[in-house]
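Visitor: Handing you this structure, nothing more for now.
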Amino acid sequence: MKDLVWDNTLSVEVEEIDQDHRILVNLFNIFNHSVTEGDAPDYLEAVLEELISCTVWHFKHEERLMLKYGYANTAEHKTEHRELINSAKDLQQKFLQSGKHVAHEDIEFLEHWLTEHILVADMKLGSYLAEVM
């Protein structure tokens with residue numbers, strides 16, 4: 001599977017959020033390469049844990065900005081965050097229970113999970129924040 005490439009398509013026009021997204025894209029690419037190259041299962045576990053932990057932190061960062069600047073769709077956006085984290089943790093459990101095997105569709109799920117959230121929900125948030133910050 002190819003790398004995710006950070007470009008203006010993924011920019012939400014708020015640098016501090018874009019900076020977080022670059023980190024998440026980089027971690028996804030590290031995980032993707034590690035799976036493709038057959039790295040040790042314990043290493044894959046560590047990278048997946050880091051990706052989830054950084055995502056949780058990033059979501060809290062976004063939620064703080066939503067609260068500070070009075071974003072009208074905060075509740076809906078936070079619900080999506082919770083659903084995404086729950087999905088990622090479900091994938092993590094599947095990984096651990098399968099003997100630390102990662103299927104191609106798991107990588108596709110993570111890629112879709114990351115890009116879809118940025119391109120839809122975060123674009124709306126970014127447009128709002130760019131006006132009020």
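Ordering of the structure tokens sets the chain letters (A, B, ...), residue numbers begin anew at 1 in every chain, and ligands are numbered from 1 in the order given.
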Tell me, counting only C-alpha atoms, for each residue of region 9-99 of chain A within 8 Å of region 106-118 of chain A, which pair of atoms is nearest and how far apart they are in Å to one decimal, in rows ordered by chain and increasing number, as JSON lines.

Guide:
```
{"residue": "A:Leu10", "atom": "CA", "partner": "A:Ile118", "partner_atom": "CA", "distance": 6.6}
{"residue": "A:Val12", "atom": "CA", "partner": "A:Ile118", "partner_atom": "CA", "distance": 7.7}
{"residue": "A:Val25", "atom": "CA", "partner": "A:Leu114", "partner_atom": "CA", "distance": 7.9}
{"residue": "A:Phe28", "atom": "CA", "partner": "A:Glu111", "partner_atom": "CA", "distance": 7.5}
{"residue": "A:Asn32", "atom": "CA", "partner": "A:Ile107", "partner_atom": "CA", "distance": 6.7}
{"residue": "A:Leu84", "atom": "CA", "partner": "A:Trp113", "partner_atom": "CA", "distance": 7.2}
{"residue": "A:Ala88", "atom": "CA", "partner": "A:Leu110", "partner_atom": "CA", "distance": 7.7}
{"residue": "A:Leu91", "atom": "CA", "partner": "A:Asp106", "partner_atom": "CA", "distance": 7.4}
```

Visitor: Using only C-alpha atoms, which of A:Ala103, A:Ala46, A:Leu65, A:Gln97 sits nearest Tyr128 (chain A)?

Guide: A:Leu65

Visitor: Just the number, please: distance in Å from CA of Val102 (chain A) to CA of Thr36 (chain A), one decimal.

Guide: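 These two atoms are separated by 9.6 Å.
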
Visitor: For Thr74 (chain A), work out the shell of residues within 12 Å, counting only C-alpha atoms and skipping chain neighbours fewer than 3 positions away, then give it as a PyMOL selection string.

Guide: chain A and resi 59-60+62-71+77-81+121-122+124-125+128

Visitor: Separation of CA of Leu96 (chain A) and CA of Glu45 (chain A), in Å?

Guide: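 Computing it gives 7.9 Å between the two atoms.
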